[in-house]
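Peer 1: Enclosed is the structure file query_2.txt (compact mmCIF, C-alpha atoms and all ligand atoms).
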# COMPACT_ATOMS: atom_id res chain seq x y z
CA MET A 22 -90.77 31.40 -43.59
CA ALA A 23 -87.74 30.98 -41.35
CA SER A 24 -85.12 33.63 -41.93
CA LEU A 25 -81.46 32.91 -42.64
CA LYS A 26 -80.56 36.53 -41.92
CA THR A 27 -78.50 37.27 -38.87
CA SER A 28 -76.80 40.24 -37.27
CA ILE A 29 -73.40 39.91 -35.59
CA LEU A 30 -71.75 42.91 -33.90
CA GLY A 31 -74.00 45.18 -35.97
CA ILE A 32 -72.96 43.49 -39.25
CA GLU A 33 -75.94 42.25 -41.26
CA PHE A 34 -75.51 38.79 -42.83
CA GLU A 35 -78.05 37.75 -45.50
CA ASN A 36 -77.22 34.14 -44.64
CA PRO A 37 -74.77 32.54 -42.18
CA PHE A 38 -72.54 30.91 -44.82
CA LEU A 39 -69.13 32.50 -45.37
CA LEU A 40 -66.20 31.35 -47.45
CA ALA A 41 -63.25 30.77 -45.10
CA SER A 42 -59.88 32.41 -45.71
CA ALA A 43 -58.28 30.05 -48.26
CA PRO A 44 -57.84 29.50 -52.03
CA PRO A 45 -61.58 30.11 -52.76
CA THR A 46 -61.08 33.67 -51.44
CA ALA A 47 -57.65 34.34 -52.95
CA LEU A 48 -58.88 36.30 -56.00
CA ILE A 49 -61.32 39.20 -56.23
CA GLU A 50 -62.91 37.84 -59.42
CA SER A 51 -63.61 34.47 -57.73
CA ILE A 52 -65.17 36.10 -54.68
CA ASP A 53 -67.30 38.19 -57.05
CA LYS A 54 -68.57 34.94 -58.60
CA ALA A 55 -69.20 33.35 -55.18
CA PHE A 56 -71.26 36.37 -54.12
CA GLU A 57 -73.30 36.15 -57.34
CA MET A 58 -73.95 32.49 -56.48
CA GLY A 59 -75.36 33.32 -53.04
CA TRP A 60 -72.62 33.17 -50.40
CA GLY A 61 -73.33 35.50 -47.47
CA GLY A 62 -69.76 36.69 -47.21
CA ALA A 63 -66.09 35.92 -47.52
CA VAL A 64 -63.03 36.01 -45.31
CA LEU A 65 -60.21 37.05 -47.61
CA LYS A 66 -57.13 34.84 -48.04
CA THR A 67 -54.77 36.11 -45.32
CA ILE A 68 -53.21 39.46 -46.24
CA THR A 69 -49.62 40.13 -45.10
CA PRO A 70 -47.11 42.98 -45.45
CA ASP A 71 -45.88 43.15 -49.07
CA ASP A 72 -42.28 42.46 -48.07
CA LEU A 73 -43.00 39.26 -46.11
CA GLU A 74 -41.20 36.50 -48.02
CA MET A 75 -43.42 33.55 -48.92
CA ILE A 76 -42.18 30.83 -51.24
CA GLU A 77 -44.62 28.00 -51.88
CA ALA A 78 -43.77 24.29 -52.23
CA SER A 79 -45.13 21.84 -54.81
CA PRO A 80 -47.20 19.82 -54.31
CA ARG A 81 -48.96 21.59 -51.47
CA TYR A 82 -52.02 19.33 -50.97
CA THR A 83 -52.76 15.70 -50.20
CA VAL A 84 -56.00 13.97 -49.26
CA MET A 85 -57.45 11.04 -47.35
CA LYS A 86 -60.19 9.19 -49.24
CA GLU A 87 -62.85 6.67 -48.27
CA LYS A 88 -64.58 4.82 -51.09
CA GLY A 89 -63.32 7.44 -53.55
CA LYS A 90 -64.65 10.37 -51.53
CA VAL A 91 -62.30 12.92 -49.97
CA ILE A 92 -62.87 12.84 -46.21
CA GLY A 93 -59.67 14.62 -45.18
CA PHE A 94 -57.39 17.23 -46.66
CA GLN A 95 -53.90 18.36 -45.77
CA ASN A 96 -52.16 21.49 -47.03
CA ILE A 97 -48.84 23.24 -46.60
CA GLU A 98 -49.93 26.39 -48.41
CA LEU A 99 -48.85 29.80 -47.16
CA LEU A 100 -50.81 33.07 -47.35
CA SER A 101 -52.01 35.52 -50.02
CA HIS A 102 -49.41 36.49 -52.61
CA LYS A 103 -51.35 39.60 -53.63
CA THR A 104 -50.30 43.07 -52.50
CA ILE A 105 -52.15 45.14 -49.92
CA GLN A 106 -53.09 47.54 -52.73
CA TYR A 107 -54.66 44.67 -54.72
CA TRP A 108 -56.84 43.86 -51.73
CA CYS A 109 -57.77 47.47 -50.95
CA ASP A 110 -58.88 48.07 -54.56
CA GLY A 111 -60.63 44.70 -54.70
CA ILE A 112 -62.55 45.23 -51.47
CA ARG A 113 -63.85 48.57 -52.77
CA TYR A 114 -64.89 46.95 -56.04
CA LEU A 115 -66.64 44.04 -54.31
CA LYS A 116 -68.49 46.22 -51.80
CA GLU A 117 -69.74 48.56 -54.48
CA LYS A 118 -71.04 45.65 -56.53
CA HIS A 119 -72.31 43.57 -53.59
CA PRO A 120 -73.19 45.97 -50.76
CA THR A 121 -75.13 43.32 -48.82
CA LYS A 122 -72.25 40.83 -48.66
CA VAL A 123 -69.96 40.61 -45.65
CA ILE A 124 -66.22 41.01 -46.30
CA ILE A 125 -63.77 40.17 -43.54
CA ALA A 126 -60.06 40.91 -43.96
CA SER A 127 -57.84 38.16 -42.58
CA ILE A 128 -54.44 39.56 -41.66
CA MET A 129 -51.09 38.36 -40.38
CA SER A 130 -47.84 40.17 -39.79
CA PRO A 131 -44.52 39.73 -37.99
CA VAL A 132 -44.66 40.46 -34.25
CA ASP A 133 -44.01 44.15 -34.73
CA ARG A 134 -46.47 46.84 -33.68
CA LYS A 135 -45.71 49.09 -36.65
CA CYS A 136 -46.24 46.29 -39.15
CA TRP A 137 -49.65 45.35 -37.71
CA HIS A 138 -50.65 49.02 -37.54
CA ASN A 139 -49.59 49.63 -41.12
CA LEU A 140 -51.79 46.77 -42.35
CA VAL A 141 -54.77 47.87 -40.29
CA HIS A 142 -54.43 51.57 -41.20
CA LYS A 143 -54.56 50.69 -44.91
CA LEU A 144 -57.52 48.34 -44.53
CA ASN A 145 -59.35 50.81 -42.27
CA GLU A 146 -59.66 52.99 -45.38
CA THR A 147 -61.66 50.29 -47.18
CA PRO A 148 -65.31 49.28 -46.62
CA ILE A 149 -64.47 45.91 -44.97
CA ASP A 150 -66.88 44.75 -42.28
CA ALA A 151 -64.40 43.22 -39.84
CA TYR A 152 -60.90 41.88 -39.28
CA GLU A 153 -59.86 38.31 -38.64
CA LEU A 154 -56.43 37.94 -37.01
CA ASN A 155 -54.75 34.80 -38.29
CA PHE A 156 -52.98 33.56 -35.16
CA SER A 157 -53.36 29.98 -36.28
CA CYS A 158 -51.67 28.87 -39.54
CA PRO A 159 -49.78 25.70 -38.46
CA HIS A 160 -47.14 25.41 -41.21
CA GLY A 161 -44.45 27.65 -42.62
CA MET A 162 -45.41 30.76 -40.71
CA PRO A 163 -44.63 29.40 -37.19
CA GLU A 164 -41.03 28.94 -38.40
CA LYS A 165 -41.00 32.73 -38.82
CA GLY A 166 -42.49 33.20 -35.34
CA ILE A 167 -45.98 34.01 -36.61
CA GLY A 168 -49.23 32.14 -37.43
CA MET A 169 -49.70 29.39 -34.87
CA ALA A 170 -46.58 30.57 -33.03
CA ILE A 171 -48.72 33.55 -31.97
CA GLY A 172 -51.93 31.65 -31.22
CA THR A 173 -50.30 29.10 -28.95
CA THR A 174 -49.12 31.69 -26.43
CA THR A 175 -51.43 33.87 -24.38
CA GLU A 176 -48.81 36.64 -24.07
CA ILE A 177 -48.23 37.27 -27.79
CA SER A 178 -51.91 36.73 -28.72
CA THR A 179 -52.91 39.29 -26.12
CA LEU A 180 -50.22 41.74 -27.17
CA ILE A 181 -51.16 41.71 -30.86
CA THR A 182 -54.91 41.75 -30.25
CA GLY A 183 -54.31 44.88 -28.15
CA TRP A 184 -52.22 46.49 -30.91
CA VAL A 185 -54.91 45.83 -33.52
CA LYS A 186 -57.75 46.94 -31.25
CA ASP A 187 -55.92 50.23 -30.63
CA VAL A 188 -56.33 51.24 -34.28
CA ALA A 189 -58.98 49.04 -35.92
CA THR A 190 -62.15 50.88 -36.84
CA LYS A 191 -64.04 47.60 -37.42
CA PRO A 192 -64.75 44.59 -35.15
CA VAL A 193 -61.85 42.19 -34.63
CA PHE A 194 -62.29 38.40 -34.71
CA VAL A 195 -59.34 36.30 -33.57
CA LYS A 196 -58.89 33.04 -35.51
CA LEU A 197 -57.79 30.37 -33.05
CA THR A 198 -55.74 27.25 -33.53
CA PRO A 199 -56.94 23.86 -32.25
CA ASN A 200 -53.27 22.89 -31.82
CA VAL A 201 -53.21 23.74 -28.12
CA THR A 202 -54.03 21.77 -24.99
CA ASP A 203 -56.80 24.16 -23.92
CA ILE A 204 -58.24 26.52 -26.51
CA THR A 205 -60.08 28.51 -23.84
CA ARG A 206 -56.79 29.68 -22.35
CA ILE A 207 -56.20 31.61 -25.58
CA SER A 208 -59.84 32.63 -26.12
CA LYS A 209 -60.09 34.03 -22.58
CA ALA A 210 -56.79 35.89 -22.97
CA VAL A 211 -57.74 37.61 -26.24
CA GLU A 212 -61.18 38.42 -24.87
CA ARG A 213 -59.45 40.23 -22.00
CA ALA A 214 -57.46 42.11 -24.68
CA ASN A 215 -60.82 43.29 -26.09
CA ALA A 216 -61.22 40.97 -29.08
CA ASP A 217 -64.77 41.32 -30.42
CA GLY A 218 -65.22 37.69 -31.48
CA PHE A 219 -63.63 34.40 -32.44
CA SER A 220 -63.16 32.32 -35.56
CA ALA A 221 -62.45 28.64 -34.92
CA ILE A 222 -60.87 26.47 -36.04
CA ASN A 223 -57.89 26.82 -38.32
CA THR A 224 -56.39 23.56 -39.59
CA VAL A 225 -55.27 20.75 -37.29
CA GLN A 226 -51.57 20.00 -37.54
CA GLY A 227 -51.04 16.49 -38.89
CA PHE A 228 -49.05 14.03 -40.96
CA MET A 229 -51.19 12.38 -43.65
CA GLY A 230 -49.15 9.18 -43.88
CA ILE A 231 -46.71 7.49 -46.23
CA ASN A 232 -46.87 5.76 -49.58
CA LEU A 233 -46.36 2.05 -48.86
CA ASP A 234 -44.62 1.40 -52.19
CA THR A 235 -42.09 4.23 -52.12
CA LEU A 236 -42.06 4.70 -48.33
CA GLU A 237 -42.08 8.44 -49.02
CA PRO A 238 -44.51 10.84 -47.33
CA ASN A 239 -47.88 11.20 -49.10
CA LEU A 240 -47.30 14.92 -49.39
CA CYS A 241 -43.84 14.61 -50.85
CA VAL A 242 -41.78 17.63 -51.93
CA ASP A 243 -38.73 16.20 -53.68
CA GLY A 244 -38.41 13.40 -51.11
CA TYR A 245 -39.34 15.38 -47.99
CA THR A 246 -42.44 16.68 -46.27
CA THR A 247 -43.37 18.96 -43.39
CA TYR A 248 -46.23 18.77 -40.89
CA GLY A 249 -49.28 20.34 -42.55
CA GLY A 250 -52.75 21.58 -41.72
CA CYS A 251 -55.58 19.04 -41.85
CA SER A 252 -59.12 20.06 -42.70
CA GLY A 253 -62.37 18.63 -44.05
CA GLU A 254 -64.61 15.98 -42.51
CA ILE A 255 -61.87 14.35 -40.44
CA VAL A 256 -61.46 17.46 -38.29
CA ARG A 257 -65.15 18.17 -37.60
CA PRO A 258 -65.24 16.59 -34.11
CA ILE A 259 -62.26 18.76 -33.14
CA GLY A 260 -63.87 21.91 -34.53
CA LEU A 261 -67.19 21.25 -32.81
CA ARG A 262 -65.41 20.59 -29.53
CA CYS A 263 -63.38 23.79 -29.79
CA VAL A 264 -66.39 25.97 -30.63
CA ALA A 265 -68.41 24.46 -27.76
CA GLN A 266 -65.53 25.00 -25.32
CA ILE A 267 -65.11 28.62 -26.36
CA ARG A 268 -68.88 29.18 -26.07
CA GLN A 269 -68.93 27.67 -22.56
CA HIS A 270 -66.59 30.48 -21.48
CA SER A 271 -67.67 33.43 -23.60
CA ASN A 272 -70.70 35.25 -24.97
CA LEU A 273 -68.74 36.83 -27.83
CA PRO A 274 -69.72 35.87 -31.38
CA ILE A 275 -68.05 32.82 -32.92
CA LEU A 276 -67.59 32.09 -36.62
CA GLY A 277 -67.39 28.30 -36.49
CA MET A 278 -65.67 26.05 -39.00
CA GLY A 279 -63.80 22.82 -39.56
CA GLY A 280 -65.18 19.99 -41.70
CA ILE A 281 -68.52 21.50 -42.71
CA THR A 282 -69.65 19.61 -45.81
CA ASN A 283 -73.42 20.17 -45.81
CA TRP A 284 -76.28 21.93 -44.01
CA GLN A 285 -76.45 19.21 -41.36
CA ASP A 286 -72.87 19.96 -40.32
CA ALA A 287 -73.67 23.68 -40.26
CA VAL A 288 -76.66 23.05 -37.96
CA GLN A 289 -74.32 21.28 -35.55
CA TYR A 290 -71.88 24.21 -35.54
CA LEU A 291 -74.74 26.63 -34.84
CA ALA A 292 -76.11 24.41 -32.07
CA VAL A 293 -72.73 24.30 -30.29
CA GLY A 294 -72.46 28.08 -30.24
CA SER A 295 -71.48 29.47 -33.66
CA ASP A 296 -73.17 32.67 -34.79
CA ALA A 297 -72.31 31.96 -38.43
CA VAL A 298 -70.11 29.41 -40.20
CA GLN A 299 -67.19 29.37 -42.61
CA ILE A 300 -66.34 26.69 -45.16
CA CYS A 301 -63.13 26.00 -47.08
CA THR A 302 -62.33 22.37 -47.94
CA GLU A 303 -65.79 21.38 -49.17
CA VAL A 304 -65.72 24.35 -51.54
CA MET A 305 -62.25 23.33 -52.75
CA ILE A 306 -63.59 19.83 -53.49
CA ASN A 307 -67.03 20.65 -54.92
CA GLY A 308 -67.07 24.34 -55.82
CA TYR A 309 -69.09 27.42 -54.85
CA GLY A 310 -72.36 25.76 -56.03
CA ILE A 311 -72.75 23.91 -52.70
CA ILE A 312 -74.25 27.14 -51.34
CA ASN A 313 -77.68 26.30 -52.79
CA GLY A 314 -78.00 23.06 -50.82
CA LEU A 315 -76.61 24.71 -47.70
CA LYS A 316 -79.20 27.49 -47.75
CA SER A 317 -82.22 25.41 -48.73
CA GLY A 318 -81.29 22.61 -46.32
CA LEU A 319 -80.87 24.96 -43.37
CA GLN A 320 -84.07 26.83 -44.23
CA ASN A 321 -86.14 23.62 -44.43
CA TYR A 322 -84.60 22.34 -41.22
CA LEU A 323 -85.41 25.52 -39.31
CA GLU A 324 -89.00 25.45 -40.57
CA GLY A 325 -89.38 21.75 -39.77
CA LYS A 326 -88.25 22.44 -36.22
CA GLY A 327 -90.50 25.48 -35.85
CA PHE A 328 -87.58 27.93 -35.52
CA ASN A 329 -88.06 31.42 -36.92
CA ASN A 330 -84.36 32.15 -37.36
CA ILE A 331 -80.91 30.75 -36.65
CA SER A 332 -80.53 32.47 -33.29
CA GLU A 333 -83.27 30.18 -31.93
CA LEU A 334 -81.02 27.22 -32.79
CA LYS A 335 -77.79 28.75 -31.56
CA ASP A 336 -76.24 27.33 -28.37
CA ILE A 337 -78.96 24.68 -27.92
CA ALA A 338 -76.46 21.81 -27.71
CA VAL A 339 -74.00 23.66 -25.48
CA LYS A 340 -76.43 23.33 -22.59
CA LYS A 341 -76.17 19.55 -22.98
CA ILE A 342 -72.40 19.42 -22.46
CA THR A 343 -71.21 18.88 -18.91
CA SER A 344 -68.38 17.20 -17.01
CA HIS A 345 -68.07 13.40 -16.85
CA GLU A 346 -68.55 13.66 -13.10
CA LYS A 347 -72.01 15.18 -13.56
CA LEU A 348 -73.30 12.53 -16.00
CA ASN A 349 -76.09 10.38 -14.51
CA LYS A 350 -74.36 7.08 -13.74
CA LYS A 351 -77.69 5.42 -12.89
CA TYR A 352 -78.76 5.72 -16.53
CA HIS A 353 -78.20 2.37 -18.28
CA LEU A 354 -79.09 1.26 -21.81
CA TYR A 355 -79.16 -2.36 -23.07
CA PRO A 356 -78.91 -3.75 -26.59
CA SER A 357 -82.12 -4.91 -28.21
CA VAL A 358 -81.71 -7.08 -31.33
CA ASP A 359 -84.20 -6.80 -34.19
CA ARG A 360 -84.48 -10.44 -35.22
CA ASP A 361 -85.84 -9.58 -38.65
CA LYS A 362 -82.66 -7.65 -39.46
CA CYS A 363 -80.14 -9.88 -37.66
CA VAL A 364 -78.32 -12.34 -39.95
CA SER A 365 -76.63 -14.21 -37.04
CA CYS A 366 -73.15 -13.29 -38.30
CA GLY A 367 -71.86 -13.27 -34.73
CA LYS A 368 -69.87 -10.08 -35.12
CA CYS A 369 -71.46 -8.43 -32.07
CA VAL A 370 -70.70 -11.52 -29.97
CA LYS A 371 -67.05 -11.64 -31.05
CA ILE A 372 -66.48 -7.91 -30.55
CA CYS A 373 -68.20 -7.87 -27.14
CA SER A 374 -66.09 -10.82 -26.07
CA GLU A 375 -62.80 -9.36 -27.34
CA SER A 376 -63.48 -5.87 -25.96
CA GLU A 377 -63.83 -6.82 -22.30
CA HIS A 378 -67.45 -7.54 -21.45
CA GLN A 379 -68.45 -10.95 -22.88
CA ALA A 380 -72.13 -10.13 -22.42
CA LEU A 381 -73.39 -11.45 -25.79
CA GLY A 382 -73.67 -15.04 -26.98
CA LEU A 383 -75.32 -17.08 -29.75
CA TYR A 384 -77.78 -19.88 -28.99
CA ASP A 385 -80.34 -21.97 -30.88
CA ASN A 386 -77.73 -23.40 -33.28
CA ASN A 387 -75.86 -20.11 -33.47
CA ARG A 388 -78.93 -18.34 -34.82
CA VAL A 389 -80.11 -16.10 -32.00
CA VAL A 390 -78.12 -13.46 -30.10
CA SER A 391 -78.51 -13.67 -26.34
CA LEU A 392 -77.68 -11.05 -23.73
CA ASP A 393 -76.30 -11.61 -20.23
CA ILE A 394 -77.75 -8.59 -18.45
CA GLU A 395 -75.43 -9.01 -15.46
CA LYS A 396 -72.36 -8.67 -17.67
CA CYS A 397 -73.66 -5.93 -20.01
CA VAL A 398 -72.31 -2.47 -19.11
CA GLY A 399 -74.42 -0.76 -21.79
CA CYS A 400 -71.35 0.54 -23.65
CA SER A 401 -73.19 0.38 -27.05
CA LEU A 402 -70.23 -1.04 -29.02
CA CYS A 403 -72.37 -3.91 -30.41
CA SER A 404 -74.88 -1.47 -31.90
CA HIS A 405 -72.11 0.39 -33.75
CA VAL A 406 -70.37 -2.65 -35.23
CA CYS A 407 -73.48 -4.55 -36.38
CA PRO A 408 -73.27 -4.63 -40.21
CA LYS A 409 -77.06 -4.80 -40.50
CA GLU A 410 -77.89 -2.08 -37.96
CA ALA A 411 -80.00 -4.69 -36.18
CA ILE A 412 -79.05 -3.61 -32.64
CA LYS A 413 -80.61 -0.64 -30.86
CA MET A 414 -79.78 0.54 -27.35
CA CYS A 415 -82.91 0.73 -25.18
CA SER A 416 -83.66 1.45 -21.54
C1 LIG B 1 -55.45 25.09 -48.85
C2 LIG B 1 -55.84 25.85 -47.62
C3 LIG B 1 -55.39 27.14 -47.42
C4 LIG B 1 -55.76 27.86 -46.27
N1 LIG B 1 -55.32 29.14 -46.11
C5 LIG B 1 -55.70 29.84 -45.02
C6 LIG B 1 -55.31 31.20 -44.86
O1 LIG B 1 -54.65 31.80 -45.72
N2 LIG B 1 -55.70 31.84 -43.73
C7 LIG B 1 -56.47 31.24 -42.78
O2 LIG B 1 -56.82 31.87 -41.77
N3 LIG B 1 -56.87 29.95 -42.92
C8 LIG B 1 -56.50 29.25 -44.01
N4 LIG B 1 -56.94 27.96 -44.17
C9 LIG B 1 -57.79 27.34 -43.11
C10 LIG B 1 -59.29 27.46 -43.45
O3 LIG B 1 -59.69 28.81 -43.50
C11 LIG B 1 -60.13 26.72 -42.38
O4 LIG B 1 -59.87 27.31 -41.13
C12 LIG B 1 -59.83 25.23 -42.28
O5 LIG B 1 -59.53 24.69 -43.54
C13 LIG B 1 -60.97 24.45 -41.65
O6 LIG B 1 -62.16 24.54 -42.39
P1 LIG B 1 -62.61 23.42 -43.49
O7 LIG B 1 -62.58 22.07 -42.83
O8 LIG B 1 -63.98 23.86 -43.95
O9 LIG B 1 -61.62 23.49 -44.59
C14 LIG B 1 -56.59 27.25 -45.30
C15 LIG B 1 -57.06 25.94 -45.51
C16 LIG B 1 -56.71 25.25 -46.65
C17 LIG B 1 -57.23 23.85 -46.85
Show me the file's structure as structure tokens.

Peer 2:
Amino acid sequence: MASLKTSILGIEFENPFLLASAPPTALIESIDKAFEMGWGGAVLKTITPDDLEMIEASPRYTVMKEKGKVIGFQNIELLSHKTIQYWCDGIRYLKEKHPTKVIIASIMSPVDRKCWHNLVHKLNETPIDAYELNFSCPHGMPEKGIGMAIGTTTEISTLITGWVKDVATKPVFVKLTPNVTDITRISKAVERANADGFSAINTVQGFMGINLDTLEPNLCVDGYTTYGGCSGEIVRPIGLRCVAQIRQHSNLPILGMGGITNWQDAVQYLAVGSDAVQICTEVMINGYGIINGLKSGLQNYLEGKGFNNISELKDIAVKKITSHEKLNKKYHLYPSVDRDKCVSCGKCVKICSESEHQALGLYDNNRVVSLDIEKCVGCSLCSHVCPKEAIKMCS
């Protein structure tokens, strides 16, 4: 039997699936339920000093759907509204009831050494397993000079990581924002400041569009909106890229996230360098119960591949990422059309012609697709647009 257990910085995880810091981890009683249902751990909704003013807007969510299914999410929610005492009591309660579950305290504070120390001193007294520094919330908090305002500068990220490391008695993960030109500039800087690991990614700053009838923003608060944080499936390529880039420059543990909806997505995050994964949006859409499919799917996959545990899968895909310059330019694939599947719709011919290459044509009374090998650059566009999946790229 392949094992889902893993050990990160001496913390034992019974499985690599954690709830990300968000509404599903905003209440102790809900986390209690999630643990009963099999989640390996939870990152608490970000805890802040009790006197930090946070006034929420309504509505705070909007979505992007495809055929009725939510594929993208946008929020303008702020942080936990519970007191530090609520969290300290709750952490003790949860740990006593669920000693094998991992609890990570996400924290954020104004850029003030005393404030950060006060938060950490109080949480040091609880049985949490680690800290996660929220340097990455993209809305609301940056206007106060915190959240993403911290995680987009190396100087402030380094400064605060150092402050926390000076007093934290547990490992410190830094949660990074994808809203930077080069995420490794920040990851390298906080690693130099002795961060123990990374969480990536927080939400991607975006604008989810406008209502064509009213011409108002989709996420409309009394006629106005603000740029929000996008999450869910639409951000997965960005999350995978960020995790892989961090891994290419660091051996520290990474808690990967961004658009994980099922075990297949989790496998991808592990293969690009994550040590464990976090999930938020999919839980908000479908509930804690998704954990069963995540665990059984990953377990079956590992066994099918002959892996004994998740560390044998970790990093495998990172080795396959290189620079464009180093890609083998002598490698060339050509389209091969399965004539049983092809319905001679001509879409591949039209698209190839209108997207530069003009390598495909139709002959035999417009029934058979023909290829001009001299003109074909092997781009693969035809194979992706074919409505019948009749085109495969072959050497
Ligand atoms: C409604 C909502 C609230 C969130 N609140 C927090 C938060 O308080 N602290 C934090 O670090 N991340 C927060 N996040 C970001 C998530 O933890 C996660 O990084 C992001 O949503 C990407 O993962 P996903 O695609 O699985 O949702 C929030 C996300 C959403 C959608």

Peer 1: When the cut-off is 8 Å and you count all atoms listed in the file, which residues lie near ligand LIG 1 (chain B), shown as a ChimeraX atom specification?

Peer 2: /A:41-44,65-68,81-82,94-101,127,153-158,196,221-224,250-254,256-257,278-282,299-305

Peer 1: Counting only C-alpha atoms, find the residues whose atoms lie at most 10 Å from (-74.4, 37.2, -54.6) (file coordinates) and write them out as a compact mmCIF listing (two decimals) with C-alpha atoms, in the frame of the given file.

Peer 2:
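Below you can see point30.txt, which holds the result:
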# COMPACT_ATOMS: atom_id res chain seq x y z
CA GLU A 35 -78.05 37.75 -45.50
CA ILE A 52 -65.17 36.10 -54.68
CA ASP A 53 -67.30 38.19 -57.05
CA LYS A 54 -68.57 34.94 -58.60
CA ALA A 55 -69.20 33.35 -55.18
CA PHE A 56 -71.26 36.37 -54.12
CA GLU A 57 -73.30 36.15 -57.34
CA MET A 58 -73.95 32.49 -56.48
CA GLY A 59 -75.36 33.32 -53.04
CA TRP A 60 -72.62 33.17 -50.40
CA GLY A 61 -73.33 35.50 -47.47
CA GLY A 62 -69.76 36.69 -47.21
CA LYS A 118 -71.04 45.65 -56.53
CA HIS A 119 -72.31 43.57 -53.59
CA PRO A 120 -73.19 45.97 -50.76
CA THR A 121 -75.13 43.32 -48.82
CA LYS A 122 -72.25 40.83 -48.66

Peer 1: Pick the closest to A:Val91 from A:Gln269, A:Asn307, A:Asn283, A:Ser376: which is it, counting only C-alpha atoms?

Peer 2: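 Answer, going by the shortest atom-to-atom distance: A:Asn307.
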
Peer 1: Just give me the gap between atom CA of A:Leu140 and atom CA of A:Arg268 in Å, one decimal is fine.

Peer 2: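 Interatomic distance here is 29.4 Å.
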
Peer 1: Atom CA of A:Tyr355 and atom CA of A:Glu377 are how many Å apart?

Peer 2: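 Separation between atom CA of A:Tyr355 and atom CA of A:Glu377: 16.0 Å.
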
Peer 1: So that I can see what lies close to stretch 237-240 of chain A, please list as a VMD selection string the residues with an atom at most 12 Å from it, counting only C-alpha atoms and leaving out residues fewer than 2 positions away in the same chain.

Peer 2: chain A and resid 78 to 85 94 to 98 227 to 235 242 to 251

Peer 1: Residues of the last selection are to be written out with C-alpha atoms, as a PDB file, in the coordinates of the input.

Peer 2:
ATOM      1  CA  ALA A  78     -43.770  24.290 -52.230  1.00  0.00           C
ATOM      2  CA  SER A  79     -45.130  21.840 -54.810  1.00  0.00           C
ATOM      3  CA  PRO A  80     -47.200  19.820 -54.310  1.00  0.00           C
ATOM      4  CA  ARG A  81     -48.960  21.590 -51.470  1.00  0.00           C
ATOM      5  CA  TYR A  82     -52.020  19.330 -50.970  1.00  0.00           C
ATOM      6  CA  THR A  83     -52.760  15.700 -50.200  1.00  0.00           C
ATOM      7  CA  VAL A  84     -56.000  13.970 -49.260  1.00  0.00           C
ATOM      8  CA  MET A  85     -57.450  11.040 -47.350  1.00  0.00           C
ATOM      9  CA  PHE A  94     -57.390  17.230 -46.660  1.00  0.00           C
ATOM     10  CA  GLN A  95     -53.900  18.360 -45.770  1.00  0.00           C
ATOM     11  CA  ASN A  96     -52.160  21.490 -47.030  1.00  0.00           C
ATOM     12  CA  ILE A  97     -48.840  23.240 -46.600  1.00  0.00           C
ATOM     13  CA  GLU A  98     -49.930  26.390 -48.410  1.00  0.00           C
ATOM     14  CA  GLY A 227     -51.040  16.490 -38.890  1.00  0.00           C
ATOM     15  CA  PHE A 228     -49.050  14.030 -40.960  1.00  0.00           C
ATOM     16  CA  MET A 229     -51.190  12.380 -43.650  1.00  0.00           C
ATOM     17  CA  GLY A 230     -49.150   9.180 -43.880  1.00  0.00           C
ATOM     18  CA  ILE A 231     -46.710   7.490 -46.230  1.00  0.00           C
ATOM     19  CA  ASN A 232     -46.870   5.760 -49.580  1.00  0.00           C
ATOM     20  CA  LEU A 233     -46.360   2.050 -48.860  1.00  0.00           C
ATOM     21  CA  ASP A 234     -44.620   1.400 -52.190  1.00  0.00           C
ATOM     22  CA  THR A 235     -42.090   4.230 -52.120  1.00  0.00           C
ATOM     23  CA  VAL A 242     -41.780  17.630 -51.930  1.00  0.00           C
ATOM     24  CA  ASP A 243     -38.730  16.200 -53.680  1.00  0.00           C
ATOM     25  CA  GLY A 244     -38.410  13.400 -51.110  1.00  0.00           C
ATOM     26  CA  TYR A 245     -39.340  15.380 -47.990  1.00  0.00           C
ATOM     27  CA  THR A 246     -42.440  16.680 -46.270  1.00  0.00           C
ATOM     28  CA  THR A 247     -43.370  18.960 -43.390  1.00  0.00           C
ATOM     29  CA  TYR A 248     -46.230  18.770 -40.890  1.00  0.00           C
ATOM     30  CA  GLY A 249     -49.280  20.340 -42.550  1.00  0.00           C
ATOM     31  CA  GLY A 250     -52.750  21.580 -41.720  1.00  0.00           C
ATOM     32  CA  CYS A 251     -55.580  19.040 -41.850  1.00  0.00           C
TER      33      CYS A 251
END

Peer 1: Expressed in Å to a single decimal, how great is the separation between atom CA of A:Leu323 and atom CA of A:Asp286?

Peer 2: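 Taking atom CA of A:Leu323 as the start and atom CA of A:Asp286 as the end point, the length is 13.8 Å.
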
Peer 1: For A:Ser357, which residue out of A:Leu315, A:Cys373, A:Val390, A:Val141 is the nearest one, using all atoms listed in the file?

Peer 2: A:Val390

Peer 1: How big is the axis-aligned box around the listed atoms of stretch 159-170 of chain A once 6 Å is added on each side, and where is its centre? Give both in Å to one decimal, as AutoDock Vina command-line options.

Peer 2:
--center_x -45.4 --center_y 29.7 --center_z -37.8 --size_x 20.8 --size_y 20.6 --size_z 21.6

Peer 1: Name the residues in contact with A:Cys397 at a cut-off of 12 Å, using all atoms listed in the file, excluding same-chain residues fewer than 4 positions from it; report them as a VMD selection string.

Peer 2: chain A and resid 353 to 357 370 373 to 374 376 to 382 391 to 393 401 to 403 414

Peer 1: Of the candidates A:Ala265, A:Ala170, A:Ile49, A:Ala214, which one gets nearest to A:Asp187 if we count only C-alpha atoms?

Peer 2: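 Using only C-alpha atoms, A:Asp187 sits closest to A:Ala214.
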